[in-house]
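So the structure is just underneath, and the comments pick up after that.
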Amino acid sequence: MTSIAGYDLKSTPCCGATYSTPRYRSMNFMAWEYWTDGYREGSLMPNDQGLRQCKCGNFYLLSELQWISQVEETDAPYTKGVSPDELPQAIAQARTPEIEIAARLCYWQHLNHDYRERYRAHRDAEEAATKAAWRLANPDLRSWWQKFRKAPTLQYVKAADSPFTYPPFEPTDEQRANMKALLQLVPTSESHGLNLYEIAELHRELGEFEQAAYAMQQIPEDDETVTQQVMHRLINEKEIAPMRYRM
């Protein structure tokens with residue numbers, strides 16, 4: 001459960017405007033959907049790379065804010081998020097490589113949303129057809145219920161008797177240009193700005209599987225996560241589509 005215990009007052013690096021940010025007592029990062037490009041649908045925590053816009057028009061990151069004081073209640077405005085339509089402006093106006101990386105990461109996920117819609121519709125139709133076939137083949141609904149009452153840990157798991165397909169992913173020129181720009185920004189960012197999963201996923205969606213595999217090799221495998229399992233499988237199968245999975 002995500003809960004708040006008061007607020008911090010902070011000033012922006014551009015014009016010194018004062019904004020309030022919540023002080024989290026606890027954080028819950030659960031979501032309805034997890035995607036390999038880092039997008040979380042229905043997340044209980046922000047999923048926006050900390051990118052914000054100041055009232056003066058400039059863009060900044062939450063990590064750039066200067067702390068002023070802690071309060072229980074405040075009339076100071078909350079920091080303003082950046083809408084998808086404003087992301088190209090944020091990219092063009094970026095004061096630092098870190099801001100541009102954050103804006104391009106958000107834009108990358110935004111441009112993948114059309115595919116997400118097609119993916120969901122495709123998966124829903126296929127799962128409905130599979131369940132309908134089971135009903136016909138298994139008149140005893142108790143048998144059917146026991147088969148389907150528990151979803152697999154990964155949505156990217158293909159049962160022996162259940163098809164798992166998804167629509168083809170064909171990135172546009174705009175998507176490819178944005179992904180390549182993100183990768184080119186990595187050496188220019190003092191704080192790196194991209195994690196190894198994001199680097200691997202960018203290369204994978206561009207069809208650069210050797211580079212994707214190399215990035216994944218840099219991640220410790222002592223305690224392999226679900227995300228690592230999915231990524232390794234997609235890279236080995238030379239699949240470029242963003243993939244939905246369950247944690």
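How things are named: the first chain in the structure tokens is A, the next is B, and so on; residues count from 1 in each chain; ligands count from 1 in the order shown.
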Where does DSSP see helix (DSSP H, G or I) in segment 9-242 of chain A, if you list the residues as a PDB file with N, CA and C atoms, in the first residue's frame?
ATOM      1  N   LEU A  62      12.517  15.621 -11.007  1.00  0.00           N
ATOM      2  CA  LEU A  62      12.289  15.697  -9.560  1.00  0.00           C
ATOM      3  C   LEU A  62      13.602  15.644  -8.790  1.00  0.00           C
ATOM      4  N   SER A  63      14.576  14.913  -9.320  1.00  0.00           N
ATOM      5  CA  SER A  63      15.871  14.804  -8.644  1.00  0.00           C
ATOM      6  C   SER A  63      16.638  16.119  -8.619  1.00  0.00           C
ATOM      7  N   GLU A  64      16.234  17.089  -9.447  1.00  0.00           N
ATOM      8  CA  GLU A  64      16.908  18.391  -9.492  1.00  0.00           C
ATOM      9  C   GLU A  64      16.346  19.381  -8.467  1.00  0.00           C
ATOM     10  N   PRO A  84       1.738  13.446 -22.954  1.00  0.00           N
ATOM     11  CA  PRO A  84       2.386  12.898 -24.159  1.00  0.00           C
ATOM     12  C   PRO A  84       2.573  13.932 -25.263  1.00  0.00           C
ATOM     13  N   ASP A  85       1.601  14.835 -25.414  1.00  0.00           N
ATOM     14  CA  ASP A  85       1.710  15.852 -26.466  1.00  0.00           C
ATOM     15  C   ASP A  85       2.855  16.828 -26.207  1.00  0.00           C
ATOM     16  N   GLU A  86       3.260  16.959 -24.945  1.00  0.00           N
ATOM     17  CA  GLU A  86       4.325  17.906 -24.590  1.00  0.00           C
ATOM     18  C   GLU A  86       5.717  17.286 -24.647  1.00  0.00           C
ATOM     19  N   LEU A  87       5.796  15.964 -24.829  1.00  0.00           N
ATOM     20  CA  LEU A  87       7.099  15.295 -24.795  1.00  0.00           C
ATOM     21  C   LEU A  87       8.049  15.759 -25.902  1.00  0.00           C
ATOM     22  N   PRO A  88       7.589  15.943 -27.154  1.00  0.00           N
ATOM     23  CA  PRO A  88       8.528  16.467 -28.165  1.00  0.00           C
ATOM     24  C   PRO A  88       9.119  17.815 -27.779  1.00  0.00           C
ATOM     25  N   GLN A  89       8.299  18.664 -27.142  1.00  0.00           N
ATOM     26  CA  GLN A  89       8.804  19.963 -26.673  1.00  0.00           C
ATOM     27  C   GLN A  89       9.832  19.763 -25.573  1.00  0.00           C
ATOM     28  N   ALA A  90       9.557  18.824 -24.658  1.00  0.00           N
ATOM     29  CA  ALA A  90      10.505  18.551 -23.574  1.00  0.00           C
ATOM     30  C   ALA A  90      11.826  18.052 -24.127  1.00  0.00           C
ATOM     31  N   ILE A  91      11.777  17.245 -25.168  1.00  0.00           N
ATOM     32  CA  ILE A  91      13.002  16.741 -25.797  1.00  0.00           C
ATOM     33  C   ILE A  91      13.769  17.891 -26.429  1.00  0.00           C
ATOM     34  N   ALA A  92      13.060  18.748 -27.146  1.00  0.00           N
ATOM     35  CA  ALA A  92      13.717  19.860 -27.845  1.00  0.00           C
ATOM     36  C   ALA A  92      14.303  20.879 -26.886  1.00  0.00           C
ATOM     37  N   GLN A  93      13.654  21.091 -25.724  1.00  0.00           N
ATOM     38  CA  GLN A  93      14.095  22.117 -24.774  1.00  0.00           C
ATOM     39  C   GLN A  93      15.007  21.576 -23.684  1.00  0.00           C
ATOM     40  N   PRO A  97      21.394  16.223 -20.681  1.00  0.00           N
ATOM     41  CA  PRO A  97      21.143  14.892 -21.262  1.00  0.00           C
ATOM     42  C   PRO A  97      20.179  14.060 -20.428  1.00  0.00           C
ATOM     43  N   GLU A  98      20.231  14.237 -19.097  1.00  0.00           N
ATOM     44  CA  GLU A  98      19.343  13.459 -18.225  1.00  0.00           C
ATOM     45  C   GLU A  98      17.870  13.799 -18.471  1.00  0.00           C
ATOM     46  N   ILE A  99      17.570  15.082 -18.696  1.00  0.00           N
ATOM     47  CA  ILE A  99      16.191  15.479 -18.985  1.00  0.00           C
ATOM     48  C   ILE A  99      15.759  14.919 -20.331  1.00  0.00           C
ATOM     49  N   GLU A 100      16.644  14.996 -21.306  1.00  0.00           N
ATOM     50  CA  GLU A 100      16.298  14.454 -22.626  1.00  0.00           C
ATOM     51  C   GLU A 100      16.074  12.949 -22.559  1.00  0.00           C
ATOM     52  N   ILE A 101      16.900  12.251 -21.787  1.00  0.00           N
ATOM     53  CA  ILE A 101      16.724  10.800 -21.635  1.00  0.00           C
ATOM     54  C   ILE A 101      15.360  10.504 -21.014  1.00  0.00           C
ATOM     55  N   ALA A 102      15.004  11.234 -19.941  1.00  0.00           N
ATOM     56  CA  ALA A 102      13.716  11.007 -19.294  1.00  0.00           C
ATOM     57  C   ALA A 102      12.566  11.252 -20.262  1.00  0.00           C
ATOM     58  N   ALA A 103      12.652  12.338 -21.028  1.00  0.00           N
ATOM     59  CA  ALA A 103      11.586  12.667 -21.980  1.00  0.00           C
ATOM     60  C   ALA A 103      11.498  11.620 -23.084  1.00  0.00           C
ATOM     61  N   ARG A 104      12.655  11.170 -23.562  1.00  0.00           N
ATOM     62  CA  ARG A 104      12.644  10.170 -24.637  1.00  0.00           C
ATOM     63  C   ARG A 104      12.184   8.800 -24.130  1.00  0.00           C
ATOM     64  N   LEU A 105      12.502   8.469 -22.873  1.00  0.00           N
ATOM     65  CA  LEU A 105      11.993   7.228 -22.303  1.00  0.00           C
ATOM     66  C   LEU A 105      10.465   7.257 -22.242  1.00  0.00           C
ATOM     67  N   CYS A 106       9.902   8.372 -21.775  1.00  0.00           N
ATOM     68  CA  CYS A 106       8.444   8.511 -21.746  1.00  0.00           C
ATOM     69  C   CYS A 106       7.861   8.447 -23.155  1.00  0.00           C
ATOM     70  N   TYR A 107       8.548   9.070 -24.100  1.00  0.00           N
ATOM     71  CA  TYR A 107       8.068   9.082 -25.491  1.00  0.00           C
ATOM     72  C   TYR A 107       8.146   7.681 -26.089  1.00  0.00           C
ATOM     73  N   TRP A 108       9.196   6.953 -25.780  1.00  0.00           N
ATOM     74  CA  TRP A 108       9.343   5.555 -26.224  1.00  0.00           C
ATOM     75  C   TRP A 108       8.139   4.727 -25.769  1.00  0.00           C
ATOM     76  N   GLN A 109       7.812   4.818 -24.485  1.00  0.00           N
ATOM     77  CA  GLN A 109       6.671   4.062 -23.972  1.00  0.00           C
ATOM     78  C   GLN A 109       5.368   4.541 -24.596  1.00  0.00           C
ATOM     79  N   HIS A 110       5.232   5.855 -24.760  1.00  0.00           N
ATOM     80  CA  HIS A 110       4.017   6.407 -25.367  1.00  0.00           C
ATOM     81  C   HIS A 110       3.838   5.893 -26.797  1.00  0.00           C
ATOM     82  N   LEU A 111       4.906   5.883 -27.571  1.00  0.00           N
ATOM     83  CA  LEU A 111       4.811   5.427 -28.960  1.00  0.00           C
ATOM     84  C   LEU A 111       4.521   3.932 -29.051  1.00  0.00           C
ATOM     85  N   HIS A 113       2.309   2.497 -27.161  1.00  0.00           N
ATOM     86  CA  HIS A 113       0.944   2.273 -26.676  1.00  0.00           C
ATOM     87  C   HIS A 113       0.019   1.719 -27.763  1.00  0.00           C
ATOM     88  N   ASP A 114       0.194   2.154 -29.006  1.00  0.00           N
ATOM     89  CA  ASP A 114      -0.645   1.620 -30.085  1.00  0.00           C
ATOM     90  C   ASP A 114      -0.462   0.108 -30.198  1.00  0.00           C
ATOM     91  N   TYR A 115       0.786  -0.332 -30.078  1.00  0.00           N
ATOM     92  CA  TYR A 115       1.016  -1.780 -30.138  1.00  0.00           C
ATOM     93  C   TYR A 115       0.398  -2.466 -28.931  1.00  0.00           C
ATOM     94  N   ARG A 116       0.459  -1.848 -27.770  1.00  0.00           N
ATOM     95  CA  ARG A 116      -0.142  -2.448 -26.577  1.00  0.00           C
ATOM     96  C   ARG A 116      -1.631  -2.720 -26.786  1.00  0.00           C
ATOM     97  N   GLU A 117      -2.324  -1.768 -27.414  1.00  0.00           N
ATOM     98  CA  GLU A 117      -3.751  -1.956 -27.668  1.00  0.00           C
ATOM     99  C   GLU A 117      -3.986  -3.145 -28.597  1.00  0.00           C
ATOM    100  N   ARG A 118      -3.193  -3.243 -29.640  1.00  0.00           N
ATOM    101  CA  ARG A 118      -3.347  -4.371 -30.568  1.00  0.00           C
ATOM    102  C   ARG A 118      -2.986  -5.687 -29.887  1.00  0.00           C
ATOM    103  N   TYR A 119      -1.966  -5.655 -29.050  1.00  0.00           N
ATOM    104  CA  TYR A 119      -1.548  -6.846 -28.313  1.00  0.00           C
ATOM    105  C   TYR A 119      -2.668  -7.333 -27.392  1.00  0.00           C
ATOM    106  N   ARG A 120      -3.259  -6.418 -26.618  1.00  0.00           N
ATOM    107  CA  ARG A 120      -4.320  -6.802 -25.692  1.00  0.00           C
ATOM    108  C   ARG A 120      -5.514  -7.408 -26.433  1.00  0.00           C
ATOM    109  N   ALA A 121      -5.909  -6.737 -27.520  1.00  0.00           N
ATOM    110  CA  ALA A 121      -7.057  -7.230 -28.281  1.00  0.00           C
ATOM    111  C   ALA A 121      -6.773  -8.620 -28.847  1.00  0.00           C
ATOM    112  N   HIS A 122      -5.565  -8.816 -29.356  1.00  0.00           N
ATOM    113  CA  HIS A 122      -5.178 -10.114 -29.919  1.00  0.00           C
ATOM    114  C   HIS A 122      -5.172 -11.189 -28.847  1.00  0.00           C
ATOM    115  N   ARG A 123      -4.554 -10.898 -27.712  1.00  0.00           N
ATOM    116  CA  ARG A 123      -4.470 -11.892 -26.641  1.00  0.00           C
ATOM    117  C   ARG A 123      -5.857 -12.220 -26.069  1.00  0.00           C
ATOM    118  N   ASP A 124      -6.699 -11.202 -25.892  1.00  0.00           N
ATOM    119  CA  ASP A 124      -8.039 -11.442 -25.363  1.00  0.00           C
ATOM    120  C   ASP A 124      -8.837 -12.352 -26.299  1.00  0.00           C
ATOM    121  N   ALA A 125      -8.738 -12.080 -27.611  1.00  0.00           N
ATOM    122  CA  ALA A 125      -9.478 -12.897 -28.580  1.00  0.00           C
ATOM    123  C   ALA A 125      -8.970 -14.330 -28.585  1.00  0.00           C
ATOM    124  N   GLU A 126      -7.652 -14.503 -28.528  1.00  0.00           N
ATOM    125  CA  GLU A 126      -7.100 -15.857 -28.555  1.00  0.00           C
ATOM    126  C   GLU A 126      -7.452 -16.621 -27.282  1.00  0.00           C
ATOM    127  N   GLU A 127      -7.366 -15.967 -26.138  1.00  0.00           N
ATOM    128  CA  GLU A 127      -7.705 -16.641 -24.886  1.00  0.00           C
ATOM    129  C   GLU A 127      -9.192 -16.991 -24.829  1.00  0.00           C
ATOM    130  N   ALA A 128     -10.035 -16.105 -25.362  1.00  0.00           N
ATOM    131  CA  ALA A 128     -11.466 -16.407 -25.393  1.00  0.00           C
ATOM    132  C   ALA A 128     -11.744 -17.612 -26.273  1.00  0.00           C
ATOM    133  N   ALA A 129     -11.061 -17.695 -27.416  1.00  0.00           N
ATOM    134  CA  ALA A 129     -11.254 -18.833 -28.308  1.00  0.00           C
ATOM    135  C   ALA A 129     -10.769 -20.127 -27.660  1.00  0.00           C
ATOM    136  N   THR A 130      -9.651 -20.044 -26.940  1.00  0.00           N
ATOM    137  CA  THR A 130      -9.116 -21.223 -26.261  1.00  0.00           C
ATOM    138  C   THR A 130     -10.077 -21.715 -25.183  1.00  0.00           C
ATOM    139  N   LYS A 131     -10.622 -20.794 -24.404  1.00  0.00           N
ATOM    140  CA  LYS A 131     -11.559 -21.175 -23.349  1.00  0.00           C
ATOM    141  C   LYS A 131     -12.853 -21.744 -23.941  1.00  0.00           C
ATOM    142  N   ALA A 132     -13.316 -21.143 -25.059  1.00  0.00           N
ATOM    143  CA  ALA A 132     -14.532 -21.654 -25.702  1.00  0.00           C
ATOM    144  C   ALA A 132     -14.313 -23.077 -26.190  1.00  0.00           C
ATOM    145  N   ALA A 133     -13.129 -23.339 -26.746  1.00  0.00           N
ATOM    146  CA  ALA A 133     -12.818 -24.700 -27.215  1.00  0.00           C
ATOM    147  C   ALA A 133     -12.788 -25.675 -26.048  1.00  0.00           C
ATOM    148  N   TRP A 134     -12.282 -25.227 -24.903  1.00  0.00           N
ATOM    149  CA  TRP A 134     -12.254 -26.090 -23.721  1.00  0.00           C
ATOM    150  C   TRP A 134     -13.661 -26.401 -23.229  1.00  0.00           C
ATOM    151  N   ARG A 135     -14.527 -25.414 -23.281  1.00  0.00           N
ATOM    152  CA  ARG A 135     -15.901 -25.660 -22.837  1.00  0.00           C
ATOM    153  C   ARG A 135     -16.560 -26.746 -23.692  1.00  0.00           C
ATOM    154  N   LEU A 136     -16.302 -26.687 -24.993  1.00  0.00           N
ATOM    155  CA  LEU A 136     -16.884 -27.687 -25.881  1.00  0.00           C
ATOM    156  C   LEU A 136     -16.295 -29.071 -25.632  1.00  0.00           C
ATOM    157  N   ALA A 137     -15.000 -29.105 -25.377  1.00  0.00           N
ATOM    158  CA  ALA A 137     -14.326 -30.390 -25.190  1.00  0.00           C
ATOM    159  C   ALA A 137     -14.482 -30.943 -23.780  1.00  0.00           C
ATOM    160  N   LEU A 141     -17.737 -28.541 -16.251  1.00  0.00           N
ATOM    161  CA  LEU A 141     -17.113 -27.230 -16.042  1.00  0.00           C
ATOM    162  C   LEU A 141     -16.135 -27.225 -14.889  1.00  0.00           C
ATOM    163  N   ARG A 142     -16.275 -28.197 -13.971  1.00  0.00           N
ATOM    164  CA  ARG A 142     -15.301 -28.258 -12.882  1.00  0.00           C
ATOM    165  C   ARG A 142     -13.917 -28.539 -13.440  1.00  0.00           C
ATOM    166  N   SER A 143     -13.846 -29.391 -14.449  1.00  0.00           N
ATOM    167  CA  SER A 143     -12.566 -29.685 -15.088  1.00  0.00           C
ATOM    168  C   SER A 143     -12.007 -28.431 -15.757  1.00  0.00           C
ATOM    169  N   TRP A 144     -12.874 -27.695 -16.443  1.00  0.00           N
ATOM    170  CA  TRP A 144     -12.433 -26.471 -17.119  1.00  0.00           C
ATOM    171  C   TRP A 144     -11.964 -25.430 -16.106  1.00  0.00           C
ATOM    172  N   TRP A 145     -12.733 -25.307 -14.990  1.00  0.00           N
ATOM    173  CA  TRP A 145     -12.375 -24.309 -13.991  1.00  0.00           C
ATOM    174  C   TRP A 145     -11.028 -24.599 -13.379  1.00  0.00           C
ATOM    175  N   GLN A 146     -10.736 -25.834 -13.073  1.00  0.00           N
ATOM    176  CA  GLN A 146      -9.452 -26.193 -12.489  1.00  0.00           C
ATOM    177  C   GLN A 146      -8.314 -25.903 -13.463  1.00  0.00           C
ATOM    178  N   LYS A 147      -8.617 -26.008 -14.745  1.00  0.00           N
ATOM    179  CA  LYS A 147      -7.582 -25.753 -15.756  1.00  0.00           C
ATOM    180  C   LYS A 147      -7.246 -24.266 -15.856  1.00  0.00           C
ATOM    181  N   PHE A 148      -8.266 -23.411 -15.741  1.00  0.00           N
ATOM    182  CA  PHE A 148      -8.055 -21.996 -16.024  1.00  0.00           C
ATOM    183  C   PHE A 148      -8.127 -21.069 -14.817  1.00  0.00           C
ATOM    184  N   ASP A 173       9.427   4.864 -38.318  1.00  0.00           N
ATOM    185  CA  ASP A 173      10.677   5.617 -38.404  1.00  0.00           C
ATOM    186  C   ASP A 173      10.851   6.513 -37.173  1.00  0.00           C
ATOM    187  N   GLU A 174       9.738   7.077 -36.705  1.00  0.00           N
ATOM    188  CA  GLU A 174       9.798   7.942 -35.521  1.00  0.00           C
ATOM    189  C   GLU A 174      10.221   7.142 -34.289  1.00  0.00           C
ATOM    190  N   GLN A 175       9.675   5.953 -34.134  1.00  0.00           N
ATOM    191  CA  GLN A 175      10.048   5.109 -33.003  1.00  0.00           C
ATOM    192  C   GLN A 175      11.516   4.712 -33.072  1.00  0.00           C
ATOM    193  N   ARG A 176      11.968   4.307 -34.240  1.00  0.00           N
ATOM    194  CA  ARG A 176      13.364   3.880 -34.392  1.00  0.00           C
ATOM    195  C   ARG A 176      14.317   5.049 -34.121  1.00  0.00           C
ATOM    196  N   ALA A 177      13.961   6.231 -34.616  1.00  0.00           N
ATOM    197  CA  ALA A 177      14.828   7.400 -34.412  1.00  0.00           C
ATOM    198  C   ALA A 177      14.917   7.742 -32.925  1.00  0.00           C
ATOM    199  N   ASN A 178      13.796   7.658 -32.217  1.00  0.00           N
ATOM    200  CA  ASN A 178      13.802   7.976 -30.784  1.00  0.00           C
ATOM    201  C   ASN A 178      14.615   6.952 -30.006  1.00  0.00           C
ATOM    202  N   MET A 179      14.467   5.660 -30.342  1.00  0.00           N
ATOM    203  CA  MET A 179      15.227   4.625 -29.640  1.00  0.00           C
ATOM    204  C   MET A 179      16.725   4.767 -29.889  1.00  0.00           C
ATOM    205  N   LYS A 180      17.101   5.062 -31.114  1.00  0.00           N
ATOM    206  CA  LYS A 180      18.522   5.249 -31.426  1.00  0.00           C
ATOM    207  C   LYS A 180      19.078   6.478 -30.706  1.00  0.00           C
ATOM    208  N   ALA A 181      18.282   7.536 -30.634  1.00  0.00           N
ATOM    209  CA  ALA A 181      18.728   8.742 -29.930  1.00  0.00           C
ATOM    210  C   ALA A 181      18.950   8.454 -28.448  1.00  0.00           C
ATOM    211  N   LEU A 182      18.096   7.633 -27.855  1.00  0.00           N
ATOM    212  CA  LEU A 182      18.267   7.257 -26.452  1.00  0.00           C
ATOM    213  C   LEU A 182      19.595   6.547 -26.239  1.00  0.00           C
ATOM    214  N   LEU A 183      19.895   5.593 -27.095  1.00  0.00           N
ATOM    215  CA  LEU A 183      21.143   4.843 -26.943  1.00  0.00           C
ATOM    216  C   LEU A 183      22.364   5.735 -27.157  1.00  0.00           C
ATOM    217  N   GLN A 184      22.239   6.715 -28.048  1.00  0.00           N
ATOM    218  CA  GLN A 184      23.359   7.627 -28.296  1.00  0.00           C
ATOM    219  C   GLN A 184      23.587   8.569 -27.116  1.00  0.00           C
ATOM    220  N   LEU A 185      22.552   8.790 -26.302  1.00  0.00           N
ATOM    221  CA  LEU A 185      22.670   9.695 -25.171  1.00  0.00           C
ATOM    222  C   LEU A 185      23.376   9.073 -23.975  1.00  0.00           C
ATOM    223  N   VAL A 186      23.458   7.748 -23.930  1.00  0.00           N
ATOM    224  CA  VAL A 186      24.027   7.078 -22.757  1.00  0.00           C
ATOM    225  C   VAL A 186      25.425   7.595 -22.411  1.00  0.00           C
ATOM    226  N   PRO A 187      26.364   7.681 -23.364  1.00  0.00           N
ATOM    227  CA  PRO A 187      27.712   8.140 -22.983  1.00  0.00           C
ATOM    228  C   PRO A 187      27.775   9.595 -22.553  1.00  0.00           C
ATOM    229  N   THR A 188      26.760  10.411 -22.895  1.00  0.00           N
ATOM    230  CA  THR A 188      26.810  11.841 -22.582  1.00  0.00           C
ATOM    231  C   THR A 188      26.189  12.168 -21.237  1.00  0.00           C
ATOM    232  N   LEU A 196      20.426  -1.119 -17.375  1.00  0.00           N
ATOM    233  CA  LEU A 196      20.816  -2.151 -18.337  1.00  0.00           C
ATOM    234  C   LEU A 196      19.609  -2.829 -18.979  1.00  0.00           C
ATOM    235  N   TYR A 197      18.508  -2.944 -18.246  1.00  0.00           N
ATOM    236  CA  TYR A 197      17.295  -3.508 -18.843  1.00  0.00           C
ATOM    237  C   TYR A 197      16.812  -2.629 -19.993  1.00  0.00           C
ATOM    238  N   GLU A 198      16.797  -1.316 -19.769  1.00  0.00           N
ATOM    239  CA  GLU A 198      16.339  -0.395 -20.807  1.00  0.00           C
ATOM    240  C   GLU A 198      17.252  -0.426 -22.014  1.00  0.00           C
ATOM    241  N   ILE A 199      18.558  -0.484 -21.777  1.00  0.00           N
ATOM    242  CA  ILE A 199      19.509  -0.566 -22.883  1.00  0.00           C
ATOM    243  C   ILE A 199      19.281  -1.851 -23.677  1.00  0.00           C
ATOM    244  N   ALA A 200      19.119  -2.969 -22.974  1.00  0.00           N
ATOM    245  CA  ALA A 200      18.881  -4.248 -23.648  1.00  0.00           C
ATOM    246  C   ALA A 200      17.576  -4.212 -24.435  1.00  0.00           C
ATOM    247  N   GLU A 201      16.533  -3.636 -23.843  1.00  0.00           N
ATOM    248  CA  GLU A 201      15.229  -3.603 -24.508  1.00  0.00           C
ATOM    249  C   GLU A 201      15.263  -2.706 -25.742  1.00  0.00           C
ATOM    250  N   LEU A 202      15.944  -1.575 -25.657  1.00  0.00           N
ATOM    251  CA  LEU A 202      16.070  -0.701 -26.825  1.00  0.00           C
ATOM    252  C   LEU A 202      16.761  -1.421 -27.974  1.00  0.00           C
ATOM    253  N   HIS A 203      17.857  -2.091 -27.681  1.00  0.00           N
ATOM    254  CA  HIS A 203      18.557  -2.843 -28.728  1.00  0.00           C
ATOM    255  C   HIS A 203      17.661  -3.950 -29.282  1.00  0.00           C
ATOM    256  N   ARG A 204      16.926  -4.627 -28.396  1.00  0.00           N
ATOM    257  CA  ARG A 204      16.070  -5.733 -28.853  1.00  0.00           C
ATOM    258  C   ARG A 204      14.972  -5.227 -29.784  1.00  0.00           C
ATOM    259  N   GLU A 205      14.299  -4.127 -29.406  1.00  0.00           N
ATOM    260  CA  GLU A 205      13.229  -3.601 -30.248  1.00  0.00           C
ATOM    261  C   GLU A 205      13.762  -3.066 -31.578  1.00  0.00           C
ATOM    262  N   PHE A 209      20.197  -7.817 -31.604  1.00  0.00           N
ATOM    263  CA  PHE A 209      20.141  -8.845 -30.570  1.00  0.00           C
ATOM    264  C   PHE A 209      21.486  -9.106 -29.894  1.00  0.00           C
ATOM    265  N   GLU A 210      22.584  -8.958 -30.612  1.00  0.00           N
ATOM    266  CA  GLU A 210      23.897  -9.146 -29.980  1.00  0.00           C
ATOM    267  C   GLU A 210      24.131  -8.088 -28.915  1.00  0.00           C
ATOM    268  N   GLN A 211      23.812  -6.837 -29.254  1.00  0.00           N
ATOM    269  CA  GLN A 211      23.982  -5.760 -28.275  1.00  0.00           C
ATOM    270  C   GLN A 211      23.031  -5.946 -27.092  1.00  0.00           C
ATOM    271  N   ALA A 212      21.814  -6.419 -27.373  1.00  0.00           N
ATOM    272  CA  ALA A 212      20.849  -6.673 -26.296  1.00  0.00           C
ATOM    273  C   ALA A 212      21.358  -7.759 -25.363  1.00  0.00           C
ATOM    274  N   ALA A 213      21.901  -8.832 -25.944  1.00  0.00           N
ATOM    275  CA  ALA A 213      22.421  -9.936 -25.131  1.00  0.00           C
ATOM    276  C   ALA A 213      23.609  -9.470 -24.288  1.00  0.00           C
ATOM    277  N   TYR A 214      24.464  -8.625 -24.868  1.00  0.00           N
ATOM    278  CA  TYR A 214      25.630  -8.122 -24.134  1.00  0.00           C
ATOM    279  C   TYR A 214      25.181  -7.301 -22.922  1.00  0.00           C
ATOM    280  N   ALA A 215      24.161  -6.438 -23.114  1.00  0.00           N
ATOM    281  CA  ALA A 215      23.663  -5.629 -21.991  1.00  0.00           C
ATOM    282  C   ALA A 215      23.114  -6.528 -20.891  1.00  0.00           C
ATOM    283  N   MET A 216      22.402  -7.584 -21.267  1.00  0.00           N
ATOM    284  CA  MET A 216      21.844  -8.498 -20.273  1.00  0.00           C
ATOM    285  C   MET A 216      22.941  -9.253 -19.532  1.00  0.00           C
ATOM    286  N   GLN A 217      24.051  -9.511 -20.208  1.00  0.00           N
ATOM    287  CA  GLN A 217      25.158 -10.230 -19.572  1.00  0.00           C
ATOM    288  C   GLN A 217      25.782  -9.411 -18.449  1.00  0.00           C
ATOM    289  N   VAL A 226      12.082 -12.342 -12.832  1.00  0.00           N
ATOM    290  CA  VAL A 226      11.146 -12.666 -13.899  1.00  0.00           C
ATOM    291  C   VAL A 226      11.478 -11.854 -15.147  1.00  0.00           C
ATOM    292  N   THR A 227      11.811 -10.574 -14.953  1.00  0.00           N
ATOM    293  CA  THR A 227      12.146  -9.719 -16.090  1.00  0.00           C
ATOM    294  C   THR A 227      13.338 -10.276 -16.855  1.00  0.00           C
ATOM    295  N   GLN A 228      14.361 -10.716 -16.143  1.00  0.00           N
ATOM    296  CA  GLN A 228      15.525 -11.301 -16.816  1.00  0.00           C
ATOM    297  C   GLN A 228      15.145 -12.547 -17.600  1.00  0.00           C
ATOM    298  N   GLN A 229      14.311 -13.396 -17.034  1.00  0.00           N
ATOM    299  CA  GLN A 229      13.892 -14.611 -17.725  1.00  0.00           C
ATOM    300  C   GLN A 229      13.182 -14.285 -19.038  1.00  0.00           C
ATOM    301  N   VAL A 230      12.267 -13.320 -18.967  1.00  0.00           N
ATOM    302  CA  VAL A 230      11.526 -12.926 -20.159  1.00  0.00           C
ATOM    303  C   VAL A 230      12.465 -12.333 -21.203  1.00  0.00           C
ATOM    304  N   MET A 231      13.364 -11.439 -20.771  1.00  0.00           N
ATOM    305  CA  MET A 231      14.277 -10.790 -21.703  1.00  0.00           C
ATOM    306  C   MET A 231      15.200 -11.791 -22.385  1.00  0.00           C
ATOM    307  N   HIS A 232      15.770 -12.705 -21.610  1.00  0.00           N
ATOM    308  CA  HIS A 232      16.653 -13.703 -22.209  1.00  0.00           C
ATOM    309  C   HIS A 232      15.914 -14.522 -23.261  1.00  0.00           C
ATOM    310  N   ARG A 233      14.691 -14.891 -22.954  1.00  0.00           N
ATOM    311  CA  ARG A 233      13.916 -15.711 -23.886  1.00  0.00           C
ATOM    312  C   ARG A 233      13.610 -14.952 -25.175  1.00  0.00           C
ATOM    313  N   LEU A 234      13.200 -13.704 -25.039  1.00  0.00           N
ATOM    314  CA  LEU A 234      12.883 -12.904 -26.220  1.00  0.00           C
ATOM    315  C   LEU A 234      14.110 -12.667 -27.091  1.00  0.00           C
ATOM    316  N   ILE A 235      15.236 -12.403 -26.461  1.00  0.00           N
ATOM    317  CA  ILE A 235      16.470 -12.178 -27.222  1.00  0.00           C
ATOM    318  C   ILE A 235      16.883 -13.452 -27.950  1.00  0.00           C
ATOM    319  N   ASN A 236      16.821 -14.581 -27.262  1.00  0.00           N
ATOM    320  CA  ASN A 236      17.193 -15.858 -27.887  1.00  0.00           C
ATOM    321  C   ASN A 236      16.286 -16.190 -29.069  1.00  0.00           C
TER     322      ASN A 236
END
Open item on the list: Quick check for you: according to DSSP on this backbone, which residues of segment 57-212 of chain A are classed as strand (DSSP E or B)? Reply as JSON, numbers by chain.
Closed with: {"A": [59, 60, 61, 66, 67, 68, 69, 70, 71, 78, 80]}
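Considering the residues A:Ala94, A:Gly207, A:Ala241, A:Pro46 and counting only C-alpha atoms, Pro167 of chain A has its shortest atom-to-atom contact with A:Ala241.
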- [ ] Using only C-alpha atoms, pick whichever of A:Thr225, A:Thr79, A:Thr21, A:Asn112 has the shortest atom-to-atom distance to Lys55 of chain A.
- [x] A:Thr79
- [ ] List the neighbours of segment 16-20 of chain A out to 6 Å using only C-alpha atoms; skip same-chain residues closer than 6 positions along the sequence, and give me the result as a PyMOL selection string.
- [x] chain A and resi 8-10+76-79
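Pairwise distance (atom CA of Pro22 of chain A, atom CA of Tyr7 of chain A) equals 4.5 Å.
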